[in-house]
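Note: the block below is run-v7.cif and it holds mmCIF, C-alpha atoms.
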```
data_structure
loop_
_atom_site.label_atom_id
_atom_site.label_comp_id
_atom_site.auth_asym_id
_atom_site.auth_seq_id
_atom_site.Cartn_x
_atom_site.Cartn_y
_atom_site.Cartn_z
CA MET K 86 44.59 36.95 52.80
CA LYS K 87 45.77 36.92 49.16
CA LEU K 88 42.94 34.55 48.31
CA ILE K 89 40.19 36.79 49.62
CA LYS K 90 40.12 39.14 46.66
CA PRO K 91 39.90 36.47 43.90
CA LEU K 92 37.43 34.49 45.99
CA PHE K 93 35.26 37.54 46.39
CA LEU K 94 35.42 38.21 42.64
CA VAL K 95 34.54 34.61 41.76
CA SER K 96 31.57 34.55 44.15
CA PHE K 97 30.37 37.89 42.80
CA LEU K 98 30.55 36.52 39.24
CA VAL K 99 28.68 33.34 40.23
CA ILE K 100 25.92 35.37 41.88
CA ALA K 101 25.70 37.75 38.93
CA ILE K 102 25.52 34.91 36.38
CA HIS K 103 22.97 33.05 38.47
CA ALA K 104 20.79 36.16 38.73
CA HIS K 105 20.86 36.67 34.98
CA LEU K 106 20.85 33.01 33.97
CA PRO K 107 17.32 33.04 32.51
CA PHE K 108 18.24 35.89 30.19
CA LEU K 109 21.65 34.51 29.25
CA SER K 110 20.30 31.09 28.41
CA GLY K 111 17.34 32.55 26.51
CA LYS K 112 14.77 30.93 28.78
CA ASP K 113 11.24 32.19 28.62
CA ILE K 114 8.94 33.12 31.45
CA GLN K 115 6.72 30.14 32.13
CA LYS K 116 4.68 31.50 34.96
CA ILE K 117 4.27 34.66 36.98
CA LEU K 118 3.43 34.75 40.65
CA LEU K 119 2.51 37.84 42.62
CA GLU K 120 3.64 38.35 46.18
CA GLU K 121 1.77 41.13 47.97
CA VAL K 122 4.25 43.40 49.70
CA LEU K 123 2.13 46.43 50.53
CA SER K 124 -1.50 47.48 50.80
CA ILE K 125 -2.45 51.13 51.16
CA GLY K 126 -5.94 52.14 52.24
CA SER K 127 -8.82 50.01 53.45
CA LEU K 128 -12.53 50.25 54.08
CA GLU K 129 -11.69 51.10 57.70
CA ASP K 130 -9.42 54.09 57.10
CA ASP K 131 -9.40 57.22 54.94
CA ALA K 132 -5.97 56.94 53.31
CA LEU K 133 -7.60 56.60 49.90
CA PHE K 134 -11.15 57.21 48.73
CA GLN K 135 -11.01 56.42 45.01
CA TRP K 136 -7.52 56.33 43.62
CA VAL K 137 -6.96 56.58 39.87
CA GLY K 138 -3.32 57.11 38.91
CA VAL K 139 -0.19 55.72 40.56
CA ILE K 140 3.53 56.18 40.00
CA SER K 141 6.66 55.63 42.06
CA ASP K 142 10.01 57.40 41.96
CA SER K 143 13.61 56.20 42.21
CA ASP K 144 13.44 56.39 46.03
CA SER K 145 10.37 54.10 46.07
CA TYR K 146 7.99 56.84 47.17
CA ILE K 147 4.51 56.22 45.83
CA TYR K 148 2.33 59.00 44.39
CA VAL K 149 -1.40 58.54 43.91
CA THR K 150 -4.22 60.69 42.56
CA ASP K 151 -7.39 60.43 44.62
CA ASN K 152 -10.44 61.35 42.57
CA MET K 153 -12.92 61.63 45.44
CA ASP K 154 -10.49 63.59 47.60
CA TYR K 155 -9.45 65.99 44.76
CA SER K 156 -5.86 65.39 45.76
CA LEU K 157 -2.42 64.08 44.98
CA LYS K 158 -0.89 61.98 47.76
CA LYS K 159 2.63 60.84 48.58
CA PHE K 160 3.29 57.63 50.53
CA ASP K 161 6.56 56.08 51.70
CA ASP K 162 7.47 52.48 50.85
CA GLN K 163 5.76 51.33 54.06
CA GLY K 164 2.48 52.91 52.97
CA ASN K 165 2.57 55.86 55.37
CA LEU K 166 0.95 59.01 54.04
CA LEU K 167 3.67 61.66 53.98
CA LYS K 168 1.88 64.51 52.27
CA LYS K 169 -1.25 65.39 50.40
CA THR K 170 -1.93 68.37 48.18
CA GLY K 171 -4.87 69.78 46.28
CA ARG K 172 -8.51 70.58 46.79
CA LYS K 173 -11.53 70.99 44.57
CA GLY K 174 -11.08 73.95 42.28
CA GLN K 175 -9.93 75.35 38.97
CA GLY K 176 -6.84 77.15 40.28
CA PRO K 177 -3.18 76.14 40.21
CA GLY K 178 -2.59 72.99 42.25
CA GLU K 179 -6.33 72.32 42.48
CA PHE K 180 -8.30 69.51 40.90
CA LEU K 181 -11.71 68.84 39.46
CA ALA K 182 -11.07 65.17 38.69
CA PRO K 183 -7.41 64.15 39.03
CA ARG K 184 -6.52 61.22 36.78
CA TYR K 185 -3.25 59.94 35.33
CA LEU K 186 0.30 60.40 36.56
CA SER K 187 3.71 60.31 34.97
CA ILE K 188 7.16 61.23 36.26
CA SER K 189 10.30 62.72 34.74
CA ASN K 190 13.34 64.15 36.51
CA GLU K 191 11.54 63.96 39.86
CA LEU K 192 8.69 66.07 38.51
CA LEU K 193 5.16 64.70 38.64
CA TYR K 194 2.77 65.31 35.76
CA VAL K 195 -0.91 65.06 36.67
CA THR K 196 -3.87 65.11 34.29
CA ASP K 197 -7.38 66.20 35.18
CA GLN K 198 -10.55 65.02 33.50
CA PHE K 199 -11.97 68.52 33.20
CA LYS K 200 -8.91 70.73 32.87
CA SER K 201 -7.22 71.43 29.58
CA GLU K 202 -3.78 71.34 31.14
CA ILE K 203 -1.34 68.99 32.80
CA GLN K 204 -0.23 70.20 36.22
CA VAL K 205 3.39 69.71 37.24
CA PHE K 206 4.45 69.19 40.86
CA ASP K 207 7.85 68.58 42.44
CA ASN K 208 8.39 65.41 44.47
CA ASN K 209 7.36 67.26 47.64
CA LEU K 210 4.01 67.92 45.97
CA ASN K 211 4.61 71.64 45.53
CA TYR K 212 2.83 72.98 42.47
CA SER K 213 5.37 74.05 39.88
CA ARG K 214 3.60 74.95 36.63
CA SER K 215 0.98 73.84 34.13
CA VAL K 216 1.36 72.63 30.57
CA PRO K 217 -1.64 73.68 28.47
CA ILE K 218 -3.02 70.71 26.52
CA SER K 219 -5.87 71.66 24.25
CA MET K 220 -7.45 68.21 24.07
CA PRO K 221 -8.87 65.61 26.45
CA VAL K 222 -6.12 63.32 27.72
CA ALA K 223 -6.91 59.60 27.60
CA ASP K 224 -3.41 58.39 28.51
CA LEU K 225 -0.09 60.00 29.32
CA LYS K 226 3.60 59.17 29.39
CA VAL K 227 6.26 61.79 29.99
CA LEU K 228 9.43 60.90 28.08
CA SER K 229 11.33 64.00 29.20
CA ASP K 230 10.35 67.44 30.50
CA ASP K 231 10.10 68.58 26.88
CA GLU K 232 8.40 65.47 25.50
CA ILE K 233 4.97 64.70 26.88
CA ALA K 234 3.22 61.89 25.01
CA VAL K 235 -0.56 62.00 25.09
CA ALA K 236 -3.31 59.77 23.72
CA THR K 237 -6.45 61.73 23.12
CA ILE K 238 -9.99 61.53 21.84
CA SER K 239 -10.24 63.38 18.61
CA THR K 240 -12.51 62.93 15.65
CA ALA K 241 -10.45 65.26 13.48
CA LYS K 242 -7.05 63.74 14.25
CA ALA K 243 -7.80 60.21 15.41
CA GLY K 244 -5.26 57.40 15.58
CA ARG K 245 -2.34 59.46 16.83
CA ILE K 246 -0.16 59.88 19.87
CA PHE K 247 0.74 63.55 20.25
CA ILE K 248 4.08 64.62 21.67
CA PHE K 249 3.87 68.03 23.34
CA ASN K 250 6.76 70.20 24.47
CA SER K 251 6.92 71.82 27.91
CA LYS K 252 4.95 74.83 26.63
CA GLY K 253 2.09 72.69 25.34
CA LYS K 254 2.95 72.95 21.64
CA ILE K 255 2.70 69.81 19.52
CA LYS K 256 6.28 68.73 18.65
CA ARG K 257 5.40 65.66 16.65
CA GLU K 258 2.66 63.13 16.05
CA LEU K 259 2.95 59.35 15.94
CA GLN K 260 0.23 58.10 13.64
CA TYR K 261 -0.71 54.52 14.45
CA SER K 262 -3.91 54.30 12.44
CA ASP K 263 -4.97 56.01 9.24
CA LYS K 264 -8.28 54.20 8.86
CA LYS K 265 -11.47 56.16 9.30
CA LEU K 266 -13.05 54.20 12.14
CA PRO K 267 -16.24 54.81 14.13
CA LEU K 268 -15.83 57.02 17.22
CA LEU K 269 -13.54 55.58 19.91
CA MET K 270 -12.66 52.45 17.96
CA ASP K 271 -9.01 53.48 17.77
CA ASN K 272 -8.73 54.51 21.41
CA VAL K 273 -5.55 53.20 23.00
CA ASN K 274 -3.43 52.97 26.09
CA PHE K 275 0.28 53.05 25.46
CA ASP K 276 3.79 52.78 26.84
CA PHE K 277 7.33 53.27 25.54
CA ASP K 278 10.31 51.02 26.21
CA SER K 279 13.81 52.29 26.99
CA HIS K 280 14.71 52.26 23.24
CA GLY K 281 11.77 54.52 22.34
CA ASN K 282 9.62 51.76 20.84
CA LEU K 283 5.91 52.41 21.24
CA TYR K 284 3.50 49.71 22.43
CA LEU K 285 -0.27 50.15 22.07
CA VAL K 286 -3.26 48.25 23.35
CA TYR K 287 -6.59 49.12 21.78
CA ASN K 288 -9.42 49.59 24.22
CA TYR K 289 -12.14 48.50 21.79
CA GLN K 290 -10.32 46.20 19.38
CA ASP K 291 -8.51 42.93 19.89
CA LYS K 292 -5.25 44.50 18.81
CA ILE K 293 -1.81 45.08 20.32
CA GLU K 294 0.87 46.84 18.29
CA LYS K 295 4.53 47.76 18.40
CA PHE K 296 6.08 50.70 16.54
CA ASP K 297 9.74 51.64 16.29
CA PRO K 298 10.88 55.16 17.33
CA GLU K 299 10.41 56.35 13.71
CA GLY K 300 6.78 55.29 13.77
CA ARG K 301 7.14 52.15 11.62
CA LYS K 302 4.90 49.30 12.65
CA ILE K 303 6.90 46.26 13.83
CA TRP K 304 4.09 43.87 14.68
CA THR K 305 0.37 43.51 15.36
CA LYS K 306 -1.06 40.81 17.64
CA LYS K 307 -4.42 39.70 18.88
CA LEU K 308 -4.84 37.57 21.98
CA LEU K 309 -8.52 36.90 22.44
CA ASN K 310 -9.73 36.22 18.92
CA ILE K 311 -12.54 38.75 19.16
CA LYS K 312 -13.87 39.54 15.72
CA LYS K 313 -16.50 42.18 16.31
CA ILE K 314 -17.06 44.62 19.13
CA LYS K 315 -20.68 45.47 19.81
CA ARG K 316 -21.55 49.15 19.80
CA GLU K 317 -24.47 50.62 21.67
CA LYS K 318 -26.36 53.86 21.68
CA VAL K 319 -25.11 56.23 24.36
CA GLY K 320 -26.99 59.49 24.19
CA GLN K 321 -26.80 60.55 20.58
CA PHE K 322 -23.69 58.53 19.89
CA THR K 323 -23.15 54.91 19.00
CA LEU K 324 -20.17 53.81 21.04
CA PRO K 325 -18.35 50.60 21.91
CA THR K 326 -19.13 49.85 25.55
CA LYS K 327 -17.02 46.78 26.35
CA PHE K 328 -13.30 47.07 26.90
CA VAL K 329 -11.04 44.54 25.23
CA TYR K 330 -7.86 45.78 26.91
CA LYS K 331 -7.72 48.28 29.74
CA ASP K 332 -4.06 49.04 30.21
CA ILE K 333 -0.47 48.18 29.32
CA ALA K 334 2.72 48.34 31.38
CA LEU K 335 6.28 47.21 30.69
CA ASP K 336 8.62 45.54 33.17
CA SER K 337 12.35 46.27 33.39
CA SER K 338 13.12 43.57 30.76
CA GLY K 339 10.69 45.07 28.27
CA ASN K 340 8.00 42.40 28.69
CA LEU K 341 4.47 43.62 28.10
CA PHE K 342 1.81 43.25 30.78
CA ILE K 343 -1.67 43.78 29.36
CA LEU K 344 -4.76 44.11 31.52
CA GLY K 345 -7.79 42.45 29.94
CA GLY K 346 -11.24 44.02 30.02
CA SER K 347 -14.76 42.66 29.67
CA PHE K 348 -13.82 39.80 27.34
CA ALA K 349 -11.24 38.28 29.66
CA LYS K 350 -12.08 35.09 31.54
CA ASN K 351 -11.80 37.16 34.71
CA PRO K 352 -12.82 40.67 33.62
CA SER K 353 -10.45 43.46 34.66
CA CYS K 354 -8.32 40.90 36.53
CA ASP K 355 -6.54 38.84 33.85
CA VAL K 356 -3.11 40.08 32.81
CA TYR K 357 -1.48 38.72 29.64
CA VAL K 358 2.31 38.75 29.40
CA LEU K 359 4.08 39.09 26.04
CA ASN K 360 7.77 39.39 25.28
CA PRO K 361 9.04 42.40 23.29
CA GLU K 362 8.65 40.36 20.07
CA GLY K 363 4.94 39.96 20.77
CA THR K 364 5.00 36.27 21.74
CA ARG K 365 2.55 35.41 24.46
CA LEU K 366 4.47 34.00 27.41
CA THR K 367 1.92 33.50 30.12
CA ALA K 368 -1.03 35.09 31.92
CA PHE K 369 -2.02 35.57 35.53
CA THR K 370 -4.99 36.90 37.45
CA LEU K 371 -5.03 39.83 39.84
CA PRO K 372 -6.73 39.14 43.17
CA ASP K 373 -9.13 42.04 42.59
CA SER K 374 -10.46 43.90 39.55
CA SER K 375 -8.51 46.95 38.47
CA HIS K 376 -8.83 49.80 35.98
CA CYS K 377 -5.07 49.98 35.48
CA ILE K 378 -1.74 48.34 36.19
CA TYR K 379 1.57 50.03 36.81
CA ILE K 380 5.04 48.45 37.05
CA ASP K 381 7.89 50.40 38.63
CA SER K 382 11.60 50.19 37.78
CA ASN K 383 12.13 47.47 40.41
CA ASP K 384 9.41 45.26 38.91
CA PHE K 385 6.78 45.85 41.53
CA LEU K 386 3.27 45.78 40.11
CA TYR K 387 0.55 48.07 41.46
CA SER K 388 -3.18 47.48 41.04
CA ARG K 389 -6.50 48.25 42.63
CA ALA K 390 -8.63 46.55 45.28
CA ASN K 391 -11.89 47.37 47.07
CA GLU K 392 -13.14 49.38 44.09
CA GLY K 393 -10.48 52.04 44.47
CA VAL K 394 -10.20 52.33 48.24
CA THR K 395 -7.10 50.14 48.29
CA LEU K 396 -3.85 50.21 46.35
CA LYS K 397 -1.95 46.92 46.25
CA LYS K 398 1.75 46.53 45.55
CA PHE K 399 3.09 43.14 44.45
CA LYS K 400 6.57 41.77 43.80
CA ILE K 401 6.52 40.08 40.38
CA LYS K 402 8.05 36.62 40.71
CA TYR K 403 9.19 35.15 37.43
CA VAL K 404 9.20 31.38 37.02
CA TYR K 405 11.33 30.23 34.06
CA ASP K 406 11.21 27.04 31.95
CA MET T 190 -19.14 89.88 5.98
CA ILE T 191 -20.08 90.54 9.64
CA LEU T 192 -23.74 90.11 8.73
CA LYS T 193 -22.90 86.75 7.14
CA ILE T 194 -21.06 85.58 10.27
CA GLN T 195 -23.93 86.75 12.48
CA LYS T 196 -26.39 84.81 10.32
CA HIS T 197 -24.14 81.74 10.52
CA MET T 198 -23.88 82.06 14.32
CA LYS T 199 -27.64 82.28 14.63
CA LYS T 200 -28.00 79.12 12.56
CA VAL T 201 -25.44 77.20 14.62
CA SER T 202 -27.03 78.40 17.87
CA LEU T 203 -30.44 77.29 16.68
CA ILE T 204 -29.12 73.86 15.69
CA LEU T 205 -27.43 73.48 19.08
CA ILE T 206 -30.55 74.50 20.99
CA VAL T 207 -32.62 71.98 19.03
CA PHE T 208 -29.96 69.34 19.68
CA ALA T 209 -29.95 70.19 23.41
CA ILE T 210 -33.74 69.89 23.62
CA PHE T 211 -33.56 66.62 21.72
CA LEU T 212 -30.98 65.34 24.21
CA SER T 213 -32.93 66.49 27.25
CA VAL T 214 -36.10 64.67 26.20
CA ASN T 215 -34.08 61.61 25.32
CA VAL T 216 -32.50 61.04 28.74
CA SER T 217 -34.63 58.09 29.85
CA PRO T 218 -32.85 55.29 27.91
CA LEU T 219 -29.57 56.41 29.47
CA GLU T 220 -30.64 55.84 33.03
CA ALA T 221 -29.58 52.22 32.92
CA GLY T 222 -26.09 53.10 34.13
CA SER T 223 -24.52 55.83 36.18
CA CYS T 224 -21.83 56.47 33.54
CA GLU T 225 -24.49 56.99 30.88
CA LYS T 226 -26.39 59.36 33.16
CA ALA T 227 -23.22 61.35 33.83
CA VAL T 228 -22.26 61.60 30.17
CA SER T 229 -25.79 62.66 29.29
CA ASN T 230 -25.65 65.52 31.82
CA CYS T 231 -22.17 66.46 30.67
CA LEU T 232 -23.24 66.59 27.02
CA LEU T 233 -26.22 68.71 27.92
CA ASP T 234 -24.00 71.16 29.80
CA ALA T 235 -21.58 71.28 26.87
CA ILE T 236 -24.23 71.85 24.26
CA THR T 237 -26.26 74.41 26.20
CA SER T 238 -23.23 76.65 26.77
CA ILE T 239 -24.09 78.46 23.54
CA PRO T 240 -21.94 81.59 24.14
CA LEU T 241 -18.91 79.30 23.97
CA PHE T 242 -20.13 77.24 21.07
CA SER T 243 -16.67 77.20 19.54
CA ARG T 244 -15.75 74.95 22.49
CA VAL T 245 -18.66 72.56 22.00
CA TYR T 246 -16.70 69.91 20.07
CA LEU T 247 -13.90 70.05 22.63
CA ASP T 248 -16.36 69.82 25.53
CA ILE T 249 -18.05 66.83 23.91
CA GLY T 250 -14.59 65.23 23.76
CA TYR T 251 -14.14 65.83 27.50
CA CYS T 252 -17.57 64.32 28.20
CA VAL T 253 -16.83 61.22 26.14
CA ASN T 254 -13.41 60.93 27.81
CA GLY T 255 -15.16 61.03 31.19
CA TRP T 256 -17.56 58.33 30.07
CA ILE T 257 -14.66 56.11 28.94
CA PHE T 258 -12.98 56.57 32.31
CA CYS T 259 -16.21 55.79 34.15
CA ARG T 260 -16.71 52.58 32.18
CA LYS T 261 -13.08 51.64 32.61
CA TYR T 262 -13.24 52.06 36.36
CA LEU T 263 -16.16 49.66 36.54
CA LYS T 264 -15.40 45.95 36.58
CA ASP T 265 -17.33 45.16 33.43
#
```
Show me the file's structure as structure tokens.
Amino acid sequence: MKLIKPLFLVSFLVIAIHAHLPFLSGKDIQKILLEEVLSIGSLEDDALFQWVGVISDSDSYIYVTDNMDYSLKKFDDQGNLLKKTGRKGQGPGEFLAPRYLSISNELLYVTDQFKSEIQVFDNNLNYSRSVPISMPVADLKVLSDDEIAVATISTAKAGRIFIFNSKGKIKRELQYSDKKLPLLMDNVNFDFDSHGNLYLVYNYQDKIEKFDPEGRKIWTKKLLNIKKIKREKVGQFTLPTKFVYKDIALDSSGNLFILGGSFAKNPSCDVYVLNPEGTRLTAFTLPDSSHCIYIDSNDFLYSRANEGVTLKKFKIKYVYD
Amino acid sequence: MILKIQKHMKKVSLILIVFAIFLSVNVSPLEAGSCEKAVSNCLLDAITSIPLFSRVYLDIGYCVNGWIFCRKYLKD
């Protein structure tokens, strides 16, 4: 009986060390495998019509914006639709084109392509309030209820991530580029790690960057060796039309997962994995093309299938040296 | 002063109308893709809403943002 306690402690330690062995011994990820654990929506049902944004909370509930259904949907971890809210309209809790999602303190922040505000819902999808944002939102990450980071499209103030407070006032700006570039050339998707470091992928440049919380650049990397991005005439504008990188997400260890665009070997499917120092570790290919990737706190990766009718959830399996 | 502003507004309106007409007759090259068609219509809507011309730059931003999203959603 006396032995049970120490035995239990020893076995716990062995399991804990074994689980963290790759990190303790400094081993790098050699390969990443995806194991599909959930699929929501199919061509045969109407769970999803054209999903855009996805996020999950600490209880593993999954929230999705559905562009063609003008709605925000909540699913359980088995993929059952629990609730849906929203309809087409300009009013509170309504959508014209729901887009990106972020979560903070169990509150969901939802952007809309054509609304100059971010709508806030509780985790039961009840509309709570709106944060006025006076610029088009290209990407979003809510750091806290009083710190909403937004990437935007602005000719006057390009190359910045804006941090808004809960009232929609700009609190601070993180300037990542001071060069005067042609329209959209400094468009980015971004994410923050748990230390407040900012990671950027440029949509129309072969460039990935890391900044510290004070806005100092730590490193710049390029993965695909693309020198020049072709620009084409779109209406009266000359714009870059091919994406280099489409999205970025961080796993729980701070590794960067970067979704490649048109220049990838498998467009919109290839995902490059870098460590927090910017060293390329490996790459893998999604089974279907996606416009985004999202990784939750338990290292499940979410991506698209069937052109937006299906949401796939994968367990990330790390293979070490 | 008011007269000056009125004159300036007339000028801006005129420029925007000319720009809108120019856009509307220039739609054909955009028909190659659905995103381009959508952004063309969006820009036209933005530019022809003359009473709110102070919003034109912002609306153009929303149109371009929509175009980026459209292209991003496509595979290539």
Residues matched by the PyMOL selection byres ((chain K and resi 310) around 12) as a PDB file with C-alpha atoms, in the frame of the given file:
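Saved as expr-v6.pdb:
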```pdb
ATOM      1  CA  GLN K 290     -10.320  46.200  19.380  1.00  0.00           C
ATOM      2  CA  ASP K 291      -8.510  42.930  19.890  1.00  0.00           C
ATOM      3  CA  LYS K 292      -5.250  44.500  18.810  1.00  0.00           C
ATOM      4  CA  ILE K 293      -1.810  45.080  20.320  1.00  0.00           C
ATOM      5  CA  LYS K 306      -1.060  40.810  17.640  1.00  0.00           C
ATOM      6  CA  LYS K 307      -4.420  39.700  18.880  1.00  0.00           C
ATOM      7  CA  LEU K 308      -4.840  37.570  21.980  1.00  0.00           C
ATOM      8  CA  LEU K 309      -8.520  36.900  22.440  1.00  0.00           C
ATOM      9  CA  ILE K 311     -12.540  38.750  19.160  1.00  0.00           C
ATOM     10  CA  LYS K 312     -13.870  39.540  15.720  1.00  0.00           C
ATOM     11  CA  LYS K 313     -16.500  42.180  16.310  1.00  0.00           C
ATOM     12  CA  ILE K 314     -17.060  44.620  19.130  1.00  0.00           C
ATOM     13  CA  VAL K 329     -11.040  44.540  25.230  1.00  0.00           C
ATOM     14  CA  PHE K 348     -13.820  39.800  27.340  1.00  0.00           C
ATOM     15  CA  ALA K 349     -11.240  38.280  29.660  1.00  0.00           C
TER      16      ALA K 349
END
```
Selection: 7 Å around Val245 in chain T, only C-alpha atoms, excl. self and same-chain fewer than 4 positions, as number ranges by chain
T: 235-236, 249
Between CA of Val253 in chain T and CA of Asn288 in chain K, what is the spacing in Å?
13.9 Å
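Considering all atoms listed in the file, the residue among K:Asn152, K:Ser127, K:Gln163, K:Ser382 positioned nearest to chain T is K:Asn152.
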Using all atoms of range 249-262 of chain T listed in the file and a margin of 8 Å per side, can you give the axis-aligned box centre and edge lengths in Å to one decimal, as JSON?
```
{"center_x": -15.5, "center_y": 59.2, "center_z": 30.1, "size_x": 21.1, "size_y": 31.2, "size_z": 28.6}
```
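Interatomic distance, CA of Gly171 in chain K against CA of Ile380 in chain K: 25.3 Å.
Distances from K:Asn360, K:Ser229, K:Asn274, K:Asn282 to Asn190 in chain K were compared using all atoms listed in the file, and the smallest one belongs to K:Ser229.
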Report the distance between CA of Phe199 in chain K and CA of Gly253 in chain K in Å, rounded to one decimal place.
16.6 Å
Taking the file above as input, evaluate the PyMOL selection byres ((chain K and resi 391) around 9) and report the hits as an mmCIF file with C-alpha atoms, keeping the file's coordinate frame.
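out-v9.cif, written as the output of this step:
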```
data_model
loop_
_atom_site.group_PDB
_atom_site.id
_atom_site.type_symbol
_atom_site.label_atom_id
_atom_site.label_comp_id
_atom_site.auth_asym_id
_atom_site.auth_seq_id
_atom_site.Cartn_x
_atom_site.Cartn_y
_atom_site.Cartn_z
ATOM 1 C CA SER K 127 -8.820 50.010 53.450
ATOM 2 C CA LEU K 128 -12.530 50.250 54.080
ATOM 3 C CA ASP K 373 -9.130 42.040 42.590
ATOM 4 C CA SER K 374 -10.460 43.900 39.550
ATOM 5 C CA ARG K 389 -6.500 48.250 42.630
ATOM 6 C CA ALA K 390 -8.630 46.550 45.280
ATOM 7 C CA GLU K 392 -13.140 49.380 44.090
ATOM 8 C CA GLY K 393 -10.480 52.040 44.470
ATOM 9 C CA VAL K 394 -10.200 52.330 48.240
ATOM 10 C CA THR K 395 -7.100 50.140 48.290
ATOM 11 C CA LEU K 396 -3.850 50.210 46.350
#
```
Could you list, as a PDB file with C-alpha atoms, keeping the file's coordinate frame, the residues of chain K having an atom within 9 Å of chain T when counting all atoms listed in the file?
```pdb
ATOM      1  CA  VAL K 137      -6.960  56.580  39.870  1.00  0.00           C
ATOM      2  CA  GLN K 198     -10.550  65.020  33.500  1.00  0.00           C
ATOM      3  CA  PHE K 199     -11.970  68.520  33.200  1.00  0.00           C
ATOM      4  CA  LYS K 200      -8.910  70.730  32.870  1.00  0.00           C
ATOM      5  CA  SER K 219      -5.870  71.660  24.250  1.00  0.00           C
ATOM      6  CA  MET K 220      -7.450  68.210  24.070  1.00  0.00           C
ATOM      7  CA  PRO K 221      -8.870  65.610  26.450  1.00  0.00           C
ATOM      8  CA  VAL K 222      -6.120  63.320  27.720  1.00  0.00           C
ATOM      9  CA  ALA K 223      -6.910  59.600  27.600  1.00  0.00           C
ATOM     10  CA  THR K 237      -6.450  61.730  23.120  1.00  0.00           C
ATOM     11  CA  ILE K 238      -9.990  61.530  21.840  1.00  0.00           C
ATOM     12  CA  SER K 239     -10.240  63.380  18.610  1.00  0.00           C
ATOM     13  CA  THR K 240     -12.510  62.930  15.650  1.00  0.00           C
ATOM     14  CA  LYS K 318     -26.360  53.860  21.680  1.00  0.00           C
ATOM     15  CA  VAL K 319     -25.110  56.230  24.360  1.00  0.00           C
ATOM     16  CA  GLY K 320     -26.990  59.490  24.190  1.00  0.00           C
ATOM     17  CA  GLN K 321     -26.800  60.550  20.580  1.00  0.00           C
ATOM     18  CA  THR K 326     -19.130  49.850  25.550  1.00  0.00           C
ATOM     19  CA  LYS K 327     -17.020  46.780  26.350  1.00  0.00           C
ATOM     20  CA  PHE K 328     -13.300  47.070  26.900  1.00  0.00           C
ATOM     21  CA  LYS K 331      -7.720  48.280  29.740  1.00  0.00           C
ATOM     22  CA  GLY K 346     -11.240  44.020  30.020  1.00  0.00           C
ATOM     23  CA  SER K 347     -14.760  42.660  29.670  1.00  0.00           C
ATOM     24  CA  PHE K 348     -13.820  39.800  27.340  1.00  0.00           C
ATOM     25  CA  PRO K 352     -12.820  40.670  33.620  1.00  0.00           C
ATOM     26  CA  SER K 353     -10.450  43.460  34.660  1.00  0.00           C
ATOM     27  CA  CYS K 354      -8.320  40.900  36.530  1.00  0.00           C
ATOM     28  CA  SER K 374     -10.460  43.900  39.550  1.00  0.00           C
ATOM     29  CA  SER K 375      -8.510  46.950  38.470  1.00  0.00           C
ATOM     30  CA  HIS K 376      -8.830  49.800  35.980  1.00  0.00           C
ATOM     31  CA  CYS K 377      -5.070  49.980  35.480  1.00  0.00           C
ATOM     32  CA  GLU K 392     -13.140  49.380  44.090  1.00  0.00           C
ATOM     33  CA  GLY K 393     -10.480  52.040  44.470  1.00  0.00           C
TER      34      GLY K 393
END
```
Fewer than 3 positions away in the same chain doesn't count, so skip those; otherwise give me all residues within 12 Å of Thr364 in chain K, counting all atoms listed in the file, as a short mmCIF file (atom, residue, chain, number, x, y, z; two decimals) with C-alpha atoms, in the frame of the given file.
```
data_model
loop_
_atom_site.label_atom_id
_atom_site.label_comp_id
_atom_site.auth_asym_id
_atom_site.auth_seq_id
_atom_site.Cartn_x
_atom_site.Cartn_y
_atom_site.Cartn_z
CA ASP K 113 11.24 32.19 28.62
CA ILE K 114 8.94 33.12 31.45
CA ILE K 293 -1.81 45.08 20.32
CA GLU K 294 0.87 46.84 18.29
CA LYS K 295 4.53 47.76 18.40
CA TRP K 304 4.09 43.87 14.68
CA THR K 305 0.37 43.51 15.36
CA LYS K 306 -1.06 40.81 17.64
CA LYS K 307 -4.42 39.70 18.88
CA LEU K 308 -4.84 37.57 21.98
CA ASN K 340 8.00 42.40 28.69
CA LEU K 341 4.47 43.62 28.10
CA PHE K 342 1.81 43.25 30.78
CA TYR K 357 -1.48 38.72 29.64
CA VAL K 358 2.31 38.75 29.40
CA LEU K 359 4.08 39.09 26.04
CA ASN K 360 7.77 39.39 25.28
CA PRO K 361 9.04 42.40 23.29
CA THR K 367 1.92 33.50 30.12
CA ALA K 368 -1.03 35.09 31.92
#
```
Hey, what's within 7 Å of Ile246 in chain K if we count all atoms listed in the file and toss same-chain stuff fewer than 4 positions away? As a ChimeraX atom specification, please?
/K:234-236,258-260
Mind checking which residues fall within 6 Å of Arg184 in chain K, counting only C-alpha atoms, ignoring those fewer than 5 positions away in the same chain, and posting them as a PyMOL selection string?
chain K and resi 137-138+196-197
Would you kindly return, as a PyMOL selection string, each protein, DNA or RNA residue with an atom no farther than 9 Å from any atom of Met270 in chain K, considering all atoms listed in the file and excluding same-chain residues fewer than 4 positions away?
chain K and resi 266+287-290+324-325
Taking the file as shown, what set of residues would the PyMOL selection byres ((chain K and resi 276) around 9) give back, as a short mmCIF file (atom, residue, chain, number, x, y, z; two decimals) with C-alpha atoms, keeping the file's coordinate frame?
```
data_model
loop_
_atom_site.label_atom_id
_atom_site.label_comp_id
_atom_site.auth_asym_id
_atom_site.auth_seq_id
_atom_site.Cartn_x
_atom_site.Cartn_y
_atom_site.Cartn_z
CA LEU K 225 -0.09 60.00 29.32
CA LYS K 226 3.60 59.17 29.39
CA ASN K 274 -3.43 52.97 26.09
CA PHE K 275 0.28 53.05 25.46
CA PHE K 277 7.33 53.27 25.54
CA ASP K 278 10.31 51.02 26.21
CA ASN K 282 9.62 51.76 20.84
CA LEU K 283 5.91 52.41 21.24
CA TYR K 284 3.50 49.71 22.43
CA LEU K 285 -0.27 50.15 22.07
CA ILE K 333 -0.47 48.18 29.32
CA ALA K 334 2.72 48.34 31.38
CA LEU K 335 6.28 47.21 30.69
#
```
